[in-house]
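Trainee: The following block contains the structure, expressed as structure tokens.
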Amino acid sequence: MKITFSLFVFIITGLFAQHIPSDERGGPNFRRDTNIDANQVRATVFNYGIMGRTGADPSQYPFEWPINSGHMYIAMTALAIGASVE
């Protein structure tokens, strides 16, 4: 009985838990990045809320201080925004 009920819940959850993205999403073709260096800090900034290096791409810099020293301090940061609606 427990196995049948667990299987039923698993199947129902799988059928109705599909995520459908909205039309308000930005396309991946419009993603951009730029390298900034100011106040002896160098990093790569992306236009979708991430700063730092996303992979092993040598054109991207994690947070490096001082510039051209090779000392990397933060690999990646992300912006998180939340709201409370009552």
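Following the order of the structure tokens, first chain is A, next is B, and so on, with residues numbered from 1 inside each chain and ligands from 1 in the order they appear.
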Which residues come within 9 Å of region 28-34 of chain A, counting only C-alpha atoms, excluding same-chain residues fewer than 2 positions away, as a list in words?

Mentor: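 The filter keeps Gly26, Ile36, Ala43, Thr44, Val45, Phe46, Asn47, Tyr48 and Gln60 of chain A.
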
Trainee: How would the residues just chosen look if you wrote them out with all heavy atoms as a compact mmCIF listing (two decimals), in the first residue's frame?

Mentor:
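Wrote out-v4.txt, looks like this:
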```
# COMPACT_ATOMS: atom_id res chain seq x y z
N GLY A 26 15.00 37.40 -20.75
CA GLY A 26 15.94 37.89 -21.73
C GLY A 26 16.58 36.72 -22.47
O GLY A 26 16.75 35.64 -21.93
N ILE A 36 36.40 45.23 -15.73
CA ILE A 36 36.58 46.53 -15.09
C ILE A 36 37.86 46.49 -14.26
O ILE A 36 38.24 45.46 -13.73
CB ILE A 36 35.38 46.91 -14.19
CG1 ILE A 36 35.15 45.87 -13.10
CG2 ILE A 36 34.12 47.06 -15.02
CD1 ILE A 36 34.20 46.30 -12.03
N ALA A 43 38.00 42.88 -12.23
CA ALA A 43 36.98 41.82 -12.23
C ALA A 43 36.22 41.87 -13.54
O ALA A 43 36.28 42.85 -14.27
CB ALA A 43 36.03 41.97 -11.06
N THR A 44 35.50 40.82 -13.82
CA THR A 44 34.61 40.77 -14.98
C THR A 44 33.19 40.92 -14.49
O THR A 44 32.78 40.28 -13.52
CB THR A 44 34.77 39.43 -15.73
OG1 THR A 44 36.14 39.30 -16.11
CG2 THR A 44 33.92 39.39 -16.97
N VAL A 45 32.41 41.78 -15.17
CA VAL A 45 31.02 42.04 -14.80
C VAL A 45 30.13 41.61 -15.97
O VAL A 45 30.41 41.93 -17.12
CB VAL A 45 30.81 43.53 -14.50
CG1 VAL A 45 29.36 43.82 -14.15
CG2 VAL A 45 31.72 43.98 -13.38
N PHE A 46 29.08 40.88 -15.66
CA PHE A 46 28.13 40.41 -16.67
C PHE A 46 26.82 41.16 -16.52
O PHE A 46 26.47 41.60 -15.42
CB PHE A 46 27.87 38.91 -16.51
CG PHE A 46 29.12 38.08 -16.67
CD1 PHE A 46 29.92 37.81 -15.57
CD2 PHE A 46 29.48 37.59 -17.90
CE1 PHE A 46 31.07 37.06 -15.71
CE2 PHE A 46 30.63 36.84 -18.05
CZ PHE A 46 31.43 36.58 -16.95
N ASN A 47 26.06 41.31 -17.60
CA ASN A 47 24.81 42.07 -17.53
C ASN A 47 23.62 41.24 -17.04
O ASN A 47 22.49 41.67 -17.15
CB ASN A 47 24.49 42.70 -18.89
CG ASN A 47 24.14 41.69 -19.95
OD1 ASN A 47 24.45 40.52 -19.84
ND2 ASN A 47 23.50 42.17 -21.00
N TYR A 48 23.85 40.07 -16.50
CA TYR A 48 22.75 39.29 -15.95
C TYR A 48 22.94 39.00 -14.46
O TYR A 48 22.41 38.03 -13.94
CB TYR A 48 22.52 37.99 -16.75
CG TYR A 48 23.74 37.15 -16.99
CD1 TYR A 48 24.05 36.09 -16.15
CD2 TYR A 48 24.57 37.40 -18.07
CE1 TYR A 48 25.16 35.31 -16.38
CE2 TYR A 48 25.67 36.61 -18.31
CZ TYR A 48 25.96 35.57 -17.46
OH TYR A 48 27.07 34.79 -17.69
N GLN A 60 38.15 36.21 -18.72
CA GLN A 60 37.38 36.64 -17.56
C GLN A 60 38.28 36.65 -16.33
O GLN A 60 39.12 35.78 -16.16
CB GLN A 60 36.20 35.70 -17.32
CG GLN A 60 35.23 35.65 -18.46
CD GLN A 60 34.16 34.60 -18.24
OE1 GLN A 60 34.17 33.87 -17.25
NE2 GLN A 60 33.24 34.50 -19.18
```

Trainee: Running DSSP on the backbone, which parts of chain A land in strand (DSSP E), as a list in words?

Mentor: Asp33, Thr34, Asn35, Ile36, Asp37, Ala38, Val41, Arg42, Ala43, Thr44, Val45, Phe46, Ile50, Met51, Gly52, Phe63, Glu64, Met72, Tyr73, Ile74, Met76, Thr77 and Ala78 of chain A

Trainee: So that I can see what lies close to region 38-42 of chain A, please list as number ranges by chain the residues with an atom at most 9 Å from it, counting only C-alpha atoms and leaving out residues fewer than 2 positions away in the same chain.

Mentor: A: 35-36, 44, 61-68

Trainee: Just write the chosen residues, all heavy atoms, as a JSON list (two decimals), in the first residue's frame.

Mentor:
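again-v2.json was written with the following content:
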```json
[["chain", "number", "residue", "atom", "x", "y", "z"],
["A", 35, "ASN", "N", 35.34, 43.75, -18.66],
["A", 35, "ASN", "CA", 36.34, 43.72, -17.60],
["A", 35, "ASN", "C", 36.49, 45.13, -17.04],
["A", 35, "ASN", "O", 36.66, 46.09, -17.80],
["A", 35, "ASN", "CB", 37.68, 43.23, -18.14],
["A", 35, "ASN", "CG", 37.60, 41.80, -18.61],
["A", 35, "ASN", "OD1", 36.90, 41.00, -18.03],
["A", 35, "ASN", "ND2", 38.32, 41.48, -19.66],
["A", 36, "ILE", "N", 36.40, 45.23, -15.73],
["A", 36, "ILE", "CA", 36.58, 46.53, -15.09],
["A", 36, "ILE", "C", 37.86, 46.49, -14.26],
["A", 36, "ILE", "O", 38.24, 45.46, -13.73],
["A", 36, "ILE", "CB", 35.38, 46.91, -14.19],
["A", 36, "ILE", "CG1", 35.15, 45.87, -13.10],
["A", 36, "ILE", "CG2", 34.12, 47.06, -15.02],
["A", 36, "ILE", "CD1", 34.20, 46.30, -12.03],
["A", 44, "THR", "N", 35.50, 40.82, -13.82],
["A", 44, "THR", "CA", 34.61, 40.77, -14.98],
["A", 44, "THR", "C", 33.19, 40.92, -14.49],
["A", 44, "THR", "O", 32.78, 40.28, -13.52],
["A", 44, "THR", "CB", 34.77, 39.43, -15.73],
["A", 44, "THR", "OG1", 36.14, 39.30, -16.11],
["A", 44, "THR", "CG2", 33.92, 39.39, -16.97],
["A", 61, "TYR", "N", 38.07, 37.64, -15.47],
["A", 61, "TYR", "CA", 38.89, 37.77, -14.27],
["A", 61, "TYR", "C", 38.03, 37.63, -13.02],
["A", 61, "TYR", "O", 37.01, 38.32, -12.90],
["A", 61, "TYR", "CB", 39.56, 39.15, -14.22],
["A", 61, "TYR", "CG", 40.52, 39.39, -15.35],
["A", 61, "TYR", "CD1", 40.14, 40.11, -16.46],
["A", 61, "TYR", "CD2", 41.80, 38.87, -15.30],
["A", 61, "TYR", "CE1", 41.03, 40.33, -17.50],
["A", 61, "TYR", "CE2", 42.69, 39.07, -16.34],
["A", 61, "TYR", "CZ", 42.29, 39.80, -17.43],
["A", 61, "TYR", "OH", 43.17, 40.00, -18.46],
["A", 62, "PRO", "N", 38.42, 36.78, -12.09],
["A", 62, "PRO", "CA", 37.79, 36.85, -10.78],
["A", 62, "PRO", "C", 38.31, 38.11, -10.08],
["A", 62, "PRO", "O", 39.14, 38.81, -10.63],
["A", 62, "PRO", "CB", 38.25, 35.58, -10.08],
["A", 62, "PRO", "CG", 39.48, 35.18, -10.77],
["A", 62, "PRO", "CD", 39.39, 35.70, -12.17],
["A", 63, "PHE", "N", 37.84, 38.40, -8.92],
["A", 63, "PHE", "CA", 38.27, 39.62, -8.23],
["A", 63, "PHE", "C", 39.76, 39.51, -7.90],
["A", 63, "PHE", "O", 40.16, 38.71, -7.08],
["A", 63, "PHE", "CB", 37.44, 39.84, -6.97],
["A", 63, "PHE", "CG", 36.05, 40.29, -7.27],
["A", 63, "PHE", "CD1", 35.06, 39.38, -7.57],
["A", 63, "PHE", "CD2", 35.74, 41.63, -7.27],
["A", 63, "PHE", "CE1", 33.77, 39.79, -7.85],
["A", 63, "PHE", "CE2", 34.46, 42.06, -7.55],
["A", 63, "PHE", "CZ", 33.47, 41.13, -7.85],
["A", 64, "GLU", "N", 40.56, 40.33, -8.55],
["A", 64, "GLU", "CA", 42.01, 40.31, -8.38],
["A", 64, "GLU", "C", 42.46, 41.63, -7.75],
["A", 64, "GLU", "O", 42.06, 42.71, -8.18],
["A", 64, "GLU", "CB", 42.67, 40.15, -9.75],
["A", 64, "GLU", "CG", 44.17, 40.21, -9.69],
["A", 64, "GLU", "CD", 44.79, 40.21, -11.08],
["A", 64, "GLU", "OE1", 44.10, 40.58, -12.05],
["A", 64, "GLU", "OE2", 45.96, 39.84, -11.18],
["A", 65, "TRP", "N", 43.29, 41.53, -6.71],
["A", 65, "TRP", "CA", 43.83, 42.72, -6.06],
["A", 65, "TRP", "C", 45.24, 42.44, -5.58],
["A", 65, "TRP", "O", 45.45, 41.40, -4.97],
["A", 65, "TRP", "CB", 42.96, 43.13, -4.87],
["A", 65, "TRP", "CG", 43.47, 44.34, -4.19],
["A", 65, "TRP", "CD1", 43.24, 45.63, -4.54],
["A", 65, "TRP", "CD2", 44.31, 44.38, -3.04],
["A", 65, "TRP", "NE1", 43.88, 46.47, -3.69],
["A", 65, "TRP", "CE2", 44.57, 45.73, -2.75],
["A", 65, "TRP", "CE3", 44.91, 43.42, -2.24],
["A", 65, "TRP", "CZ2", 45.35, 46.14, -1.70],
["A", 65, "TRP", "CZ3", 45.69, 43.82, -1.20],
["A", 65, "TRP", "CH2", 45.90, 45.17, -0.92],
["A", 66, "PRO", "N", 46.17, 43.31, -5.80],
["A", 66, "PRO", "CA", 46.20, 44.41, -6.77],
["A", 66, "PRO", "C", 46.27, 43.89, -8.19],
["A", 66, "PRO", "O", 46.59, 42.73, -8.44],
["A", 66, "PRO", "CB", 47.44, 45.19, -6.40],
["A", 66, "PRO", "CG", 48.30, 44.27, -5.61],
["A", 66, "PRO", "CD", 47.39, 43.23, -5.01],
["A", 67, "ILE", "N", 46.00, 44.78, -9.14],
["A", 67, "ILE", "CA", 45.96, 44.41, -10.55],
["A", 67, "ILE", "C", 47.31, 43.85, -10.98],
["A", 67, "ILE", "O", 48.37, 44.34, -10.58],
["A", 67, "ILE", "CB", 45.58, 45.63, -11.40],
["A", 67, "ILE", "CG1", 44.15, 46.06, -11.08],
["A", 67, "ILE", "CG2", 45.68, 45.32, -12.89],
["A", 67, "ILE", "CD1", 43.74, 47.33, -11.77],
["A", 68, "ASN", "N", 47.27, 42.80, -11.80],
["A", 68, "ASN", "CA", 48.44, 42.12, -12.36],
["A", 68, "ASN", "C", 49.32, 41.43, -11.31],
["A", 68, "ASN", "O", 50.47, 41.14, -11.57],
["A", 68, "ASN", "CB", 49.29, 43.07, -13.21],
["A", 68, "ASN", "CG", 48.55, 43.57, -14.41],
["A", 68, "ASN", "OD1", 47.77, 42.84, -15.01],
["A", 68, "ASN", "ND2", 48.77, 44.82, -14.77]]
```

Trainee: Any chance you could list, as a count of residues only, the residues in chain A that come up alpha helix (DSSP H) when DSSP is run on the backbone?

Mentor: 15
